[in-house]
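K.L.:
Input: one structure, supplied below.
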Amino acid sequence: MFITFEGIDLSGKSTQAKLLYQHLKKSGKKAILVREPGGTQISEKIRDILLDKKHSKMFSLTEFLLFSASRQQLTEEVIKPHLKKGYFVICDRYYDSSTAYQGYGGQVDMKTILTVNKIATNGLKPDITFFIDIDMKESAARRKSMGKTKDRMEQKKIKYFNQVIGGYRSLSKQYCWRVKLIDGKKNIDEIQNDILNILKKKSKHV
Ligand code: ADP
Ligand code: TYD
């Protein structure tokens, strides 16, 4: 089963992806946890280019193609081989991030986004996607309490992120059978329960 997590920065994706991974491992399942952009030696190098604050002039289309290149490498090198061997593959971000950020946020033509998303993954779709929904106020409050500095992507304007959030909400409606909207303001345990309940309905192995 291929499970992805989506949402804006600090929405709680990594926390929930890790909890799910630990839950599966504890119950004796084969599982791996990867993140985007990154997850392979080549993809981590692309990640460094993407998040480097010195690259302030990067065009949205350049950004999109780099995220897609990183994804292609991760998909072929790690995700597909593990799915073939019967693993649960949990991915912290996948192509919905490109649709939300570079498409809805960066205004790259949506037809281009959907076409390249398909090419970069050879059509591999997640079985289920958890979109953890928080607003920018909550994200900013968490950033402040963590004292976390901003990378290049996180330095974009508030309008951009509101478009990203709107994009994710729209995806959860357009692909409601796959993209599950989770209220990110609930506490960590409640969210994990919501996620496990949805997954249990989909697979008896969870
Ligand atoms: P992301 O991977 O989406 O950037 P993280 O999982 O790293 O987010 O979480 C960002 C911060 O928010 C961490 O300090 C984490 O402990 C905290 N956090 C995660 N989930 C919740 C939640 N449901 N409520 C409050 N804080 C949370
Ligand atoms: P990361 O530190 O992994 O953020 P997070 O912990 O929130 O996942 O940085 C990844 C950044 O790249 C994040 O700001 C979202 C952005 N991104 C895109 O804009 N498009 C994409 O396709 C992907 C995968 C990520």
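The chains in the structure tokens are called A, B, ... from first to last as shown; in each chain the residues are counted from 1, and the ligands are counted from 1 in the order shown.
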Given a cut-off of 7 Å, what residues near ligand 2 show up using only C-alpha atoms and all ligand atoms, put as number ranges by chain?
P.N.:
A: 8-10, 14, 35-37, 51, 64, 67-68, 92-98, 101-102, 153-154
K.L.:
Neighbouring residues of Thr112 (chain A) were defined as those with any atom within 10 Å, considering only C-alpha atoms; residues of the same chain fewer than 5 positions away were excluded. Please report them as a PyMOL selection string.
P.N.:
chain A and resi 61+64+99+103+117-118
K.L.:
Using DSSP assignments from the backbone, pull out every residue in region 7-174 of chain A that falls under strand (DSSP E) and give it to me as a ChimeraX atom specification.
P.N.:
/A:31-35,88-92,128-133
K.L.:
When the cut-off is 8 Å and you count only C-alpha atoms and all ligand atoms, which residues lie near ligand 1, shown as a list in words?
P.N.:
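Every residue with an atom at most 8 Å from ligand 1 is listed here: Glu6, Gly7, Ile8, Asp9, Leu10, Ser11, Gly12, Lys13, Ser14, Thr15, Gln16, Ala17, Asp92, Ile132, Arg142, Arg143, Met146, Gly184, Lys185, Lys186, Asn187, Ile188, Asp189, Glu190 and Ile191 of chain A.
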K.L.:
Give the answer as one residue: which of A:Arg169, A:Arg71, A:Lys157, A:Lys84 has the shortest atom-to-atom distance to Ala120 (chain A), using only C-alpha atoms?
P.N.:
A:Arg71
K.L.:
How many Å lie between CA of Ser170 (chain A) and CA of Phe130 (chain A), rounded to one decimal?
P.N.:
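We find that CA of Ser170 (chain A) and CA of Phe130 (chain A) lie 13.6 Å from each other.
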K.L.:
So what do you get for CA of Glu44 (chain A) versus CA of Gly106 (chain A), distance-wise?
P.N.:
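Those two atoms sit 22.2 Å apart.
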K.L.:
Which parts of region 106-140 of chain A does DSSP call alpha helix (DSSP H) when run on the backbone here, written out as a list in words?
P.N.:
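For region 106-140 of chain A, the alpha helix (DSSP H) set is Met110, Lys111, Thr112, Ile113, Leu114, Thr115, Val116, Asn117, Lys118, Ile119, Ala120, Thr121, Met136, Lys137, Glu138, Ser139 and Ala140 of chain A.
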K.L.:
Between A:Ser27, A:Thr62, A:Gln22, A:Ser70, single out the one closest to Thr40 (chain A), counting only C-alpha atoms.
P.N.:
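Closest residue, counting only C-alpha atoms: A:Ser70.
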K.L.:
With only C-alpha atoms as the basis for distance, which of A:Ile195, A:Ile134, A:Leu114, A:Ile3 is at the shortest distance from Ala100 (chain A)?
P.N.:
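When distances to Ala100 (chain A) are compared using only C-alpha atoms, the smallest one comes from A:Leu114.
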